[in-house]
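To be precise, the following lines are coords24.tsv, and they hold TSV, C-alpha atoms.
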chain	number	residue	atom	x	y	z
B	963	MET	CA	-11.38	18.21	-17.31
B	964	LYS	CA	-13.43	19.67	-14.48
B	965	LYS	CA	-11.77	21.62	-11.68
B	966	TYR	CA	-12.42	19.48	-8.58
B	967	ALA	CA	-12.33	15.83	-7.51
B	968	PHE	CA	-12.52	13.66	-4.41
B	969	GLY	CA	-10.14	10.88	-3.41
B	970	VAL	CA	-11.50	8.40	-0.84
B	971	ASP	CA	-9.23	5.81	0.75
B	972	ILE	CA	-11.46	3.37	2.64
B	973	GLY	CA	-9.70	1.54	5.45
B	974	GLY	CA	-10.95	-0.89	8.07
B	975	THR	CA	-11.06	1.83	10.75
B	976	THR	CA	-11.39	5.15	8.93
B	977	CYS	CA	-12.12	6.55	5.49
B	978	LYS	CA	-9.57	9.19	4.48
B	979	ILE	CA	-11.19	11.75	2.20
B	980	GLY	CA	-9.30	14.31	0.13
B	981	PHE	CA	-10.78	17.26	-1.74
B	982	PHE	CA	-8.55	18.12	-4.70
B	983	GLU	CA	-8.14	20.29	-7.70
B	984	THR	CA	-7.61	17.97	-10.66
B	985	SER	CA	-4.22	19.66	-11.18
B	986	GLY	CA	-3.07	17.61	-8.17
B	987	LYS	CA	-3.43	20.25	-5.46
B	988	LEU	CA	-4.87	18.89	-2.20
B	989	LEU	CA	-7.30	21.50	-0.86
B	990	ASP	CA	-8.52	19.71	2.25
B	991	LYS	CA	-8.52	16.30	3.88
B	992	TRP	CA	-10.38	14.69	6.74
B	993	GLU	CA	-11.45	11.31	8.08
B	994	ILE	CA	-14.75	9.67	8.89
B	995	LYS	CA	-15.30	6.44	10.78
B	996	THR	CA	-15.62	3.28	8.72
B	997	ASN	CA	-18.83	1.72	9.99
B	998	THR	CA	-18.40	-2.01	9.41
B	999	GLU	CA	-21.63	-2.97	11.20
B	1000	ASN	CA	-24.19	-4.96	9.19
B	1001	HIS	CA	-21.53	-6.01	6.67
B	1002	GLY	CA	-20.49	-2.41	6.07
B	1003	GLU	CA	-23.81	-1.51	4.47
B	1004	SER	CA	-23.58	2.21	5.41
B	1005	ILE	CA	-19.96	2.82	4.33
B	1006	LEU	CA	-20.74	4.19	0.87
B	1007	SER	CA	-23.72	6.24	2.06
B	1008	ASP	CA	-21.50	7.79	4.75
B	1009	VAL	CA	-18.94	8.69	2.07
B	1010	ALA	CA	-21.70	10.19	-0.08
B	1011	LYS	CA	-22.89	12.36	2.81
B	1012	ALA	CA	-19.33	13.54	3.47
B	1013	VAL	CA	-18.90	14.52	-0.19
B	1014	ASP	CA	-22.27	16.31	-0.33
B	1015	ASN	CA	-21.54	18.16	2.92
B	1016	LYS	CA	-18.17	19.35	1.62
B	1017	LEU	CA	-19.62	20.65	-1.62
B	1018	ALA	CA	-22.37	22.46	0.29
B	1019	GLN	CA	-19.81	23.94	2.68
B	1020	GLU	CA	-17.66	25.21	-0.22
B	1021	GLY	CA	-20.60	26.32	-2.32
B	1022	ILE	CA	-19.44	24.19	-5.25
B	1023	SER	CA	-21.79	22.65	-7.82
B	1024	LYS	CA	-21.44	18.99	-8.80
B	1025	ASP	CA	-21.09	20.25	-12.38
B	1026	GLU	CA	-17.59	21.38	-11.36
B	1027	VAL	CA	-16.58	17.96	-9.98
B	1028	GLN	CA	-14.79	15.40	-12.15
B	1029	GLY	CA	-15.83	12.56	-9.84
B	1030	ILE	CA	-14.86	10.42	-6.87
B	1031	GLY	CA	-12.00	7.95	-6.86
B	1032	VAL	CA	-12.24	5.19	-4.26
B	1033	GLY	CA	-9.58	2.83	-2.92
B	1034	VAL	CA	-10.63	-0.26	-0.98
B	1035	PRO	CA	-8.62	-2.94	0.87
B	1036	GLY	CA	-9.43	-5.83	-1.45
B	1037	PRO	CA	-9.48	-6.90	-5.11
B	1038	VAL	CA	-11.54	-4.71	-7.45
B	1039	ASN	CA	-12.37	-5.90	-10.96
B	1040	SER	CA	-12.36	-3.77	-14.11
B	1041	GLU	CA	-16.05	-2.94	-13.62
B	1042	GLY	CA	-15.44	-1.44	-10.17
B	1043	VAL	CA	-16.93	-4.40	-8.33
B	1044	VAL	CA	-15.46	-5.76	-5.08
B	1045	GLU	CA	-15.98	-9.50	-4.83
B	1046	ARG	CA	-14.90	-9.82	-1.20
B	1047	CYS	CA	-13.45	-7.36	1.27
B	1048	VAL	CA	-13.00	-8.95	4.70
B	1049	ASN	CA	-11.86	-5.80	6.54
B	1050	LEU	CA	-15.04	-3.97	5.54
B	1051	GLY	CA	-17.43	-6.88	5.95
B	1052	TRP	CA	-18.29	-6.70	2.26
B	1053	GLY	CA	-19.24	-9.56	0.00
B	1054	THR	CA	-19.95	-8.49	-3.59
B	1055	VAL	CA	-20.32	-4.70	-3.79
B	1056	ASP	CA	-20.55	-2.65	-6.99
B	1057	VAL	CA	-18.72	0.38	-5.60
B	1058	GLU	CA	-18.85	2.46	-8.77
B	1059	ALA	CA	-22.56	1.94	-9.41
B	1060	GLU	CA	-23.69	2.30	-5.79
B	1061	LEU	CA	-21.67	5.39	-4.90
B	1062	GLY	CA	-22.42	6.88	-8.32
B	1063	SER	CA	-26.14	6.45	-7.67
B	1064	LEU	CA	-25.84	8.04	-4.22
B	1065	THR	CA	-23.91	11.10	-5.44
B	1066	SER	CA	-24.80	11.49	-9.14
B	1067	LEU	CA	-21.06	11.72	-9.79
B	1068	MET	CA	-18.68	9.57	-11.83
B	1069	VAL	CA	-16.96	7.02	-9.58
B	1070	ARG	CA	-13.83	4.95	-10.21
B	1071	ALA	CA	-12.73	2.25	-7.76
B	1072	GLY	CA	-9.48	0.37	-7.30
B	1073	ASN	CA	-7.49	-1.69	-4.84
B	1074	ASP	CA	-5.94	0.50	-2.12
B	1075	ALA	CA	-2.35	-0.59	-2.78
B	1076	ASN	CA	-2.77	-0.09	-6.54
B	1077	VAL	CA	-4.14	3.42	-6.11
B	1078	ALA	CA	-1.35	4.26	-3.65
B	1079	ALA	CA	1.10	3.30	-6.41
B	1080	LEU	CA	-0.77	5.59	-8.82
B	1081	GLY	CA	-0.53	8.39	-6.27
B	1082	GLU	CA	3.23	7.96	-5.93
B	1083	MET	CA	3.58	7.91	-9.72
B	1084	TRP	CA	1.48	11.06	-10.11
B	1085	GLN	CA	2.73	13.30	-7.30
B	1086	GLY	CA	5.10	11.27	-5.09
B	1087	GLY	CA	8.34	9.30	-5.01
B	1088	ALA	CA	7.89	7.96	-8.57
B	1089	LYS	CA	6.82	11.24	-10.18
B	1090	GLY	CA	7.91	11.33	-13.80
B	1091	CYS	CA	8.08	7.53	-14.14
B	1092	LYS	CA	5.57	5.32	-15.97
B	1093	ASP	CA	6.85	1.86	-14.99
B	1094	VAL	CA	6.63	1.50	-11.22
B	1095	VAL	CA	6.54	-1.20	-8.58
B	1096	MET	CA	5.39	-0.02	-5.17
B	1097	VAL	CA	5.64	-2.12	-2.02
B	1098	THR	CA	3.95	-1.07	1.21
B	1099	LEU	CA	5.43	-2.60	4.35
B	1100	GLY	CA	2.96	-2.24	7.19
B	1101	THR	CA	0.92	-4.69	9.22
B	1102	GLY	CA	0.87	-6.65	5.98
B	1103	VAL	CA	2.70	-6.27	2.68
B	1104	GLY	CA	0.79	-4.59	-0.12
B	1105	GLY	CA	1.86	-3.95	-3.67
B	1106	GLY	CA	0.99	-2.02	-6.76
B	1107	ILE	CA	2.44	-2.56	-10.24
B	1108	ILE	CA	2.20	0.08	-12.97
B	1109	VAL	CA	3.26	-0.59	-16.55
B	1110	ASN	CA	3.30	2.30	-19.03
B	1111	GLY	CA	1.21	4.40	-16.66
B	1112	LYS	CA	-1.50	1.76	-16.15
B	1113	VAL	CA	-2.15	-0.38	-13.08
B	1114	VAL	CA	-1.72	-4.12	-13.62
B	1115	ALA	CA	-4.88	-5.23	-11.84
B	1116	GLY	CA	-5.30	-8.61	-13.51
B	1117	PHE	CA	-8.37	-10.66	-14.36
B	1118	ASN	CA	-10.28	-10.14	-11.11
B	1119	GLY	CA	-8.31	-7.34	-9.45
B	1120	ALA	CA	-5.79	-9.47	-7.55
B	1121	GLY	CA	-2.77	-8.35	-9.61
B	1122	GLY	CA	0.04	-6.79	-7.58
B	1123	GLU	CA	-0.52	-8.92	-4.46
B	1124	ILE	CA	3.22	-8.94	-3.84
B	1125	GLY	CA	2.82	-9.83	-0.17
B	1126	HIS	CA	1.55	-13.29	-1.03
B	1127	ILE	CA	4.37	-14.43	-3.26
B	1128	THR	CA	5.74	-17.65	-1.73
B	1129	VAL	CA	9.31	-17.15	-0.54
B	1130	ASN	CA	9.72	-20.14	1.80
B	1131	HIS	CA	8.36	-23.58	0.97
B	1132	ASP	CA	9.40	-24.95	4.38
B	1133	GLU	CA	7.26	-22.56	6.46
B	1134	ILE	CA	5.00	-24.36	8.96
B	1135	GLU	CA	2.97	-21.38	10.21
B	1136	ALA	CA	0.11	-20.16	8.04
B	1137	CYS	CA	-0.12	-16.65	6.65
B	1138	ASN	CA	-3.36	-14.71	7.21
B	1139	CYS	CA	-4.27	-15.63	3.63
B	1140	GLY	CA	-4.15	-19.34	4.53
B	1141	GLN	CA	-1.03	-20.14	2.52
B	1142	TYR	CA	2.45	-20.82	3.90
B	1143	GLY	CA	5.70	-18.94	3.43
B	1144	CYS	CA	4.31	-15.68	2.00
B	1145	LEU	CA	6.56	-12.62	1.72
B	1146	GLU	CA	4.25	-10.88	4.19
B	1147	GLN	CA	5.26	-13.37	6.89
B	1148	TYR	CA	8.85	-12.07	6.83
B	1149	THR	CA	8.93	-8.46	5.65
B	1150	SER	CA	5.82	-6.83	7.10
B	1151	ALA	CA	6.14	-5.05	10.45
B	1152	THR	CA	4.61	-8.07	12.18
B	1153	GLY	CA	6.68	-10.43	10.04
B	1154	ILE	CA	9.95	-8.74	10.99
B	1155	VAL	CA	9.06	-9.13	14.69
B	1156	ARG	CA	8.16	-12.77	14.06
B	1157	VAL	CA	11.53	-13.43	12.40
B	1158	ALA	CA	13.30	-11.62	15.24
B	1159	LYS	CA	11.55	-13.62	17.97
B	1160	ARG	CA	12.41	-16.87	16.21
B	1161	LYS	CA	16.05	-15.86	16.02
B	1162	LEU	CA	16.20	-14.72	19.65
B	1163	ALA	CA	14.60	-17.97	20.84
B	1164	LYS	CA	17.30	-20.01	19.10
B	1165	SER	CA	20.24	-17.88	20.23
B	1166	THR	CA	21.88	-16.97	23.53
B	1167	ASP	CA	23.96	-14.18	21.97
B	1168	GLU	CA	23.86	-10.82	23.69
B	1169	THR	CA	21.67	-8.26	21.97
B	1170	SER	CA	19.91	-5.07	22.97
B	1171	LEU	CA	16.75	-6.41	21.32
B	1172	ARG	CA	16.00	-8.54	24.40
B	1173	LYS	CA	15.19	-5.44	26.45
B	1174	PHE	CA	12.14	-4.53	24.36
B	1175	GLU	CA	8.74	-5.81	25.44
B	1176	PRO	CA	6.87	-5.81	23.21
B	1177	LEU	CA	9.45	-5.80	20.43
B	1178	THR	CA	8.58	-3.79	17.28
B	1179	ALA	CA	10.01	-3.60	13.78
B	1180	LYS	CA	11.10	-0.04	14.57
B	1181	ASP	CA	13.15	-1.37	17.51
B	1182	VAL	CA	14.92	-3.81	15.16
B	1183	PHE	CA	15.91	-1.05	12.73
B	1184	ASP	CA	16.82	1.44	15.48
B	1185	GLU	CA	19.12	-1.09	17.15
B	1186	ALA	CA	20.64	-2.00	13.78
B	1187	LYS	CA	21.43	1.67	13.20
B	1188	ALA	CA	23.07	1.69	16.65
B	1189	GLY	CA	25.30	-1.21	15.60
B	1190	ASP	CA	23.70	-4.20	17.34
B	1191	GLU	CA	25.01	-7.27	15.49
B	1192	ILE	CA	21.87	-9.38	15.89
B	1193	ALA	CA	19.67	-6.51	14.72
B	1194	LEU	CA	21.98	-5.90	11.75
B	1195	GLY	CA	21.71	-9.58	10.86
B	1196	LEU	CA	17.93	-9.44	11.03
B	1197	VAL	CA	17.76	-6.38	8.77
B	1198	ASP	CA	20.06	-8.13	6.30
B	1199	GLU	CA	17.90	-11.26	6.40
B	1200	VAL	CA	14.51	-9.62	5.82
B	1201	CYS	CA	15.89	-7.18	3.23
B	1202	GLY	CA	17.55	-10.12	1.49
B	1203	ILE	CA	14.17	-11.84	1.17
B	1204	LEU	CA	12.50	-8.69	-0.13
B	1205	GLY	CA	15.36	-7.71	-2.47
B	1206	ALA	CA	15.41	-11.14	-4.09
B	1207	THR	CA	11.62	-11.15	-4.48
B	1208	LEU	CA	11.70	-7.73	-6.12
B	1209	SER	CA	14.39	-8.90	-8.53
B	1210	ASN	CA	12.04	-11.71	-9.62
B	1211	ILE	CA	9.21	-9.23	-10.13
B	1212	ALA	CA	11.56	-7.04	-12.17
B	1213	CYS	CA	12.16	-9.94	-14.59
B	1214	VAL	CA	8.46	-9.78	-15.44
B	1215	VAL	CA	7.65	-6.04	-15.52
B	1216	ASN	CA	11.09	-4.32	-15.70
B	1217	PRO	CA	10.24	-1.25	-13.60
B	1218	GLU	CA	12.07	2.05	-13.91
B	1219	ILE	CA	11.68	2.59	-10.17
B	1220	ILE	CA	10.70	0.62	-7.07
B	1221	VAL	CA	9.04	2.66	-4.32
B	1222	ILE	CA	8.99	1.47	-0.72
B	1223	GLY	CA	6.20	2.78	1.52
B	1224	GLY	CA	4.24	1.84	4.62
B	1225	GLY	CA	5.18	2.24	8.27
B	1226	VAL	CA	8.38	0.18	8.01
B	1227	SER	CA	9.69	2.59	5.35
B	1228	LYS	CA	10.23	5.16	8.10
B	1229	ALA	CA	13.45	3.23	8.83
B	1230	GLY	CA	14.82	5.20	5.87
B	1231	ASP	CA	18.20	4.69	4.22
B	1232	ILE	CA	19.21	1.53	6.09
B	1233	LEU	CA	16.12	-0.20	4.66
B	1234	ILE	CA	16.45	1.09	1.09
B	1235	GLU	CA	20.19	0.47	0.87
B	1236	SER	CA	19.92	-3.09	2.20
B	1237	ILE	CA	17.03	-4.00	-0.13
B	1238	GLN	CA	18.84	-2.51	-3.11
B	1239	LYS	CA	22.07	-4.37	-2.28
B	1240	HIS	CA	20.28	-7.73	-2.30
B	1241	TYR	CA	18.21	-6.77	-5.33
B	1242	ILE	CA	21.35	-6.10	-7.38
B	1243	GLU	CA	22.89	-9.40	-6.25
B	1244	THR	CA	20.01	-11.40	-7.73
B	1245	ALA	CA	18.63	-9.18	-10.52
B	1246	PHE	CA	18.76	-10.01	-14.22
B	1247	LEU	CA	21.53	-7.93	-15.79
B	1248	SER	CA	19.20	-5.66	-17.77
B	1249	CYS	CA	17.17	-4.88	-14.63
B	1250	ARG	CA	20.00	-4.01	-12.26
B	1251	ASP	CA	19.80	-0.25	-12.82
B	1252	THR	CA	16.29	0.00	-11.38
B	1253	LYS	CA	16.03	3.05	-9.12
B	1254	PHE	CA	14.81	2.77	-5.52
B	1255	ALA	CA	13.01	5.47	-3.56
B	1256	LEU	CA	11.03	5.96	-0.40
B	1257	ALA	CA	7.36	6.83	-0.86
B	1258	GLY	CA	6.82	10.59	-0.78
B	1259	LEU	CA	3.12	10.96	0.05
B	1260	GLY	CA	2.86	8.88	3.23
B	1261	ASN	CA	-0.69	7.99	4.19
B	1262	ASP	CA	-2.05	10.41	1.58
B	1263	ALA	CA	-0.84	8.35	-1.39
B	1264	GLY	CA	-4.13	6.48	-1.71
B	1265	MET	CA	-6.17	9.68	-1.90
B	1266	TYR	CA	-3.90	11.10	-4.60
B	1267	GLY	CA	-4.08	7.86	-6.56
B	1268	CYS	CA	-7.86	7.81	-6.33
B	1269	VAL	CA	-7.97	11.20	-8.04
B	1270	GLN	CA	-5.42	10.11	-10.65
B	1271	MET	CA	-7.80	7.28	-11.66
B	1272	LEU	CA	-10.32	9.93	-12.70
B	1273	LEU	CA	-7.96	11.68	-15.09
B	1274	ASP	CA	-7.86	9.05	-17.86

Take the structure in this file and express it as structure tokens.
Amino acid sequence: MKKYAFGVDIGGTTCKIGFFETSGKLLDKWEIKTNTENHGESILSDVAKAVDNKLAQEGISKDEVQGIGVGVPGPVNSEGVVERCVNLGWGTVDVEAELGSLTSLMVRAGNDANVAALGEMWQGGAKGCKDVVMVTLGTGVGGGIIVNGKVVAGFNGAGGEIGHITVNHDEIEACNCGQYGCLEQYTSATGIVRVAKRKLAKSTDETSLRKFEPLTAKDVFDEAKAGDEIALGLVDEVCGILGATLSNIACVVNPEIIVIGGGVSKAGDILIESIQKHYIETAFLSCRDTKFALAGLGNDAGMYGCVQMLLD
């Protein structure tokens, strides 16, 4: 194993780049703009320049670098090829081959949510565990499933798309994916607000939530912590949906731990405790002892997971 490695988490706005020792120590991190013009054709060359500049700055030879791990917001197949990545403007892109050619380094690519789960398993909230389900609650709902230390990516890289499990067959509004009633429509930050607005429109009950414009998921959790009955009901509703969904997933992969990350996870104990309560209510008996934890690496989880991919 060589001493250094890079972890690159490519997002729709910025690329987060981490320079690591392969022991897991983060030496430096920075961001560059994700240039999505012309179908994102310069994204990988920009990453290559950033890597080369860092090595030149540190006076480190590429012979000392294990490689570059890359996370992207879309399905990645076992060959490191992205078939379609809307946020980046990409069609079919062979990330491993193209970035490898640009840098003369080994490259491993994976879905961003999957590599975040690897990061949490390696150095975060699931450290020491090999069977992990991670859910990221942000603008959308992402997921990563790890069984015996390996990501369950599936046939074409779409494994772990927890956010698009159907949880309501009566939904009449479409999800961003085009389907109806996806988990993401109820338990993402935007989904929680959507559920709240629906409830407020149907009710005349007094609630402090009416004073917020615009209303955010954070407002819902903050008011629930303050004892607002409507807000408490909303938290119970969305955590009930997520807890039951996770209990179904547990019947398939039987995780040792479920890690909750993303912006909504900043709500803390009220979120974890409510999800876990509903999970236990619906879980198969042998899965009820699953541990729950908040993600420990925050927005850096993807970078850590990208490096972990290089260690196998």

Show me a table, sorted first by chain and then by increasing residue number, of the residues of range 1026-1134 of chain B having an atom at most 6 Å from range 1207-1222 of chain B, each with its shortest atom pair and the distance in Å to one decimal, counting all atoms listed in the file and written as a Markdown table.
| residue | atom | partner | partner_atom | distance |
| --- | --- | --- | --- | --- |
| B:Asp1093 | CA | B:Pro1217 | CA | 4.8 |
| B:Val1094 | CA | B:Pro1217 | CA | 5.1 |
| B:Val1095 | CA | B:Ile1220 | CA | 4.8 |
| B:Met1096 | CA | B:Val1221 | CA | 4.6 |
| B:Val1097 | CA | B:Ile1222 | CA | 5.1 |
| B:Thr1098 | CA | B:Ile1222 | CA | 6.0 |

Skip Met1083 in chain B itself and residues of its chain fewer than 2 positions away, then list as an mmCIF file with C-alpha atoms, keeping the file's coordinate frame all residues within 12 Å of it, counting all atoms listed in the file.
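Wrote part-v2.cif, looks like this:
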data_model
loop_
_atom_site.group_PDB
_atom_site.id
_atom_site.type_symbol
_atom_site.label_atom_id
_atom_site.label_comp_id
_atom_site.auth_asym_id
_atom_site.auth_seq_id
_atom_site.Cartn_x
_atom_site.Cartn_y
_atom_site.Cartn_z
ATOM 1 C CA GLY B 986 -3.070 17.610 -8.170
ATOM 2 C CA ASN B 1076 -2.770 -0.090 -6.540
ATOM 3 C CA VAL B 1077 -4.140 3.420 -6.110
ATOM 4 C CA ALA B 1078 -1.350 4.260 -3.650
ATOM 5 C CA ALA B 1079 1.100 3.300 -6.410
ATOM 6 C CA LEU B 1080 -0.770 5.590 -8.820
ATOM 7 C CA GLY B 1081 -0.530 8.390 -6.270
ATOM 8 C CA GLN B 1085 2.730 13.300 -7.300
ATOM 9 C CA GLY B 1086 5.100 11.270 -5.090
ATOM 10 C CA GLY B 1087 8.340 9.300 -5.010
ATOM 11 C CA ALA B 1088 7.890 7.960 -8.570
ATOM 12 C CA LYS B 1089 6.820 11.240 -10.180
ATOM 13 C CA GLY B 1090 7.910 11.330 -13.800
ATOM 14 C CA CYS B 1091 8.080 7.530 -14.140
ATOM 15 C CA LYS B 1092 5.570 5.320 -15.970
ATOM 16 C CA ASP B 1093 6.850 1.860 -14.990
ATOM 17 C CA VAL B 1094 6.630 1.500 -11.220
ATOM 18 C CA VAL B 1095 6.540 -1.200 -8.580
ATOM 19 C CA MET B 1096 5.390 -0.020 -5.170
ATOM 20 C CA GLY B 1106 0.990 -2.020 -6.760
ATOM 21 C CA ILE B 1107 2.440 -2.560 -10.240
ATOM 22 C CA ILE B 1108 2.200 0.080 -12.970
ATOM 23 C CA VAL B 1109 3.260 -0.590 -16.550
ATOM 24 C CA ASN B 1110 3.300 2.300 -19.030
ATOM 25 C CA GLY B 1111 1.210 4.400 -16.660
ATOM 26 C CA LYS B 1112 -1.500 1.760 -16.150
ATOM 27 C CA VAL B 1113 -2.150 -0.380 -13.080
ATOM 28 C CA PRO B 1217 10.240 -1.250 -13.600
ATOM 29 C CA GLU B 1218 12.070 2.050 -13.910
ATOM 30 C CA ILE B 1219 11.680 2.590 -10.170
ATOM 31 C CA ILE B 1220 10.700 0.620 -7.070
ATOM 32 C CA VAL B 1221 9.040 2.660 -4.320
ATOM 33 C CA ALA B 1255 13.010 5.470 -3.560
ATOM 34 C CA ALA B 1257 7.360 6.830 -0.860
ATOM 35 C CA GLY B 1258 6.820 10.590 -0.780
ATOM 36 C CA LEU B 1259 3.120 10.960 0.050
ATOM 37 C CA ALA B 1263 -0.840 8.350 -1.390
ATOM 38 C CA GLY B 1264 -4.130 6.480 -1.710
ATOM 39 C CA TYR B 1266 -3.900 11.100 -4.600
ATOM 40 C CA GLY B 1267 -4.080 7.860 -6.560
ATOM 41 C CA CYS B 1268 -7.860 7.810 -6.330
ATOM 42 C CA GLN B 1270 -5.420 10.110 -10.650
ATOM 43 C CA MET B 1271 -7.800 7.280 -11.660
#

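Look at Pro1037 in chain B: the protein and nucleic acid residues within 9 Å of it, using only C-alpha atoms and passing over chain neighbours fewer than 3 places away, are Val1034, Val1043, Val1044, Glu1045, Arg1046, Cys1047, Gly1072, Asn1073, Asp1074, Ala1115, Asn1118, Gly1119, Ala1120 and Gly1121 of chain B.
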
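Nearest residue to Leu1256 in chain B among B:Ile1242, B:Leu1099, B:Ile1203, B:Val1129 is B:Leu1099, counting all atoms listed in the file.
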
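Put simply, CA of Ser1004 in chain B is 27.7 Å away from CA of Gly1105 in chain B.
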
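Atom to atom, CA of Val1103 in chain B and CA of Thr998 in chain B stand 22.6 Å apart.
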
Item to check | Residue neighbourhood Gly980 in chain B, 10 Å, all atoms listed in the file, exclusion window fewer than 3 positions, as number ranges by chain | outcome: B: 967-971, 977, 983, 988-993, 1013, 1030-1031, 1262, 1264-1266, 1268-1269

Take the residues from that selection and write them out as a compact mmCIF listing (two decimals), keeping the file's coordinate frame, keeping C-alpha atoms.
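Below is the file again-v4.txt, written as the result:
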# COMPACT_ATOMS: atom_id res chain seq x y z
CA ALA B 967 -12.33 15.83 -7.51
CA PHE B 968 -12.52 13.66 -4.41
CA GLY B 969 -10.14 10.88 -3.41
CA VAL B 970 -11.50 8.40 -0.84
CA ASP B 971 -9.23 5.81 0.75
CA CYS B 977 -12.12 6.55 5.49
CA GLU B 983 -8.14 20.29 -7.70
CA LEU B 988 -4.87 18.89 -2.20
CA LEU B 989 -7.30 21.50 -0.86
CA ASP B 990 -8.52 19.71 2.25
CA LYS B 991 -8.52 16.30 3.88
CA TRP B 992 -10.38 14.69 6.74
CA GLU B 993 -11.45 11.31 8.08
CA VAL B 1013 -18.90 14.52 -0.19
CA ILE B 1030 -14.86 10.42 -6.87
CA GLY B 1031 -12.00 7.95 -6.86
CA ASP B 1262 -2.05 10.41 1.58
CA GLY B 1264 -4.13 6.48 -1.71
CA MET B 1265 -6.17 9.68 -1.90
CA TYR B 1266 -3.90 11.10 -4.60
CA CYS B 1268 -7.86 7.81 -6.33
CA VAL B 1269 -7.97 11.20 -8.04

Checklist entry - Which residue gives the smallest distance to Ala1206 in chain B among B:Asp1167, B:Phe1174, B:Phe1183, B:Ile1127, with all atoms listed in the file counted? => result B:Ile1127

Checklist entry - Which residues, written as JSON, numbers by chain, have at least one atom at most 10 Å from Thr975 in chain B, with all atoms listed in the file counted and residues fewer than 4 positions away on the same chain left out? => result {"B": [993, 994, 995, 996, 997, 998, 1049, 1050]}

Residues just named, written with C-alpha atoms as a compact mmCIF listing (two decimals), in the frame of the given file:
# COMPACT_ATOMS: atom_id res chain seq x y z
CA GLU B 993 -11.45 11.31 8.08
CA ILE B 994 -14.75 9.67 8.89
CA LYS B 995 -15.30 6.44 10.78
CA THR B 996 -15.62 3.28 8.72
CA ASN B 997 -18.83 1.72 9.99
CA THR B 998 -18.40 -2.01 9.41
CA ASN B 1049 -11.86 -5.80 6.54
CA LEU B 1050 -15.04 -3.97 5.54

Excluding Asn1130 in chain B and any residue of its chain fewer than 6 positions from it, enumerate the residues within 9 Å of it, using all atoms listed in the file, and give them as a PDB file with C-alpha atoms, keeping the file's coordinate frame.
ATOM      1  CA  TYR B1142       2.450 -20.820   3.900  1.00  0.00           C
ATOM      2  CA  GLY B1143       5.700 -18.940   3.430  1.00  0.00           C
ATOM      3  CA  CYS B1144       4.310 -15.680   2.000  1.00  0.00           C
ATOM      4  CA  LEU B1145       6.560 -12.620   1.720  1.00  0.00           C
TER       5      LEU B1145
END

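For the choices B:Gln1238, B:Thr1166, B:Gln1147, B:Thr1054, the atom-to-atom distance to His1001 in chain B is smallest for B:Thr1054 when using only C-alpha atoms.
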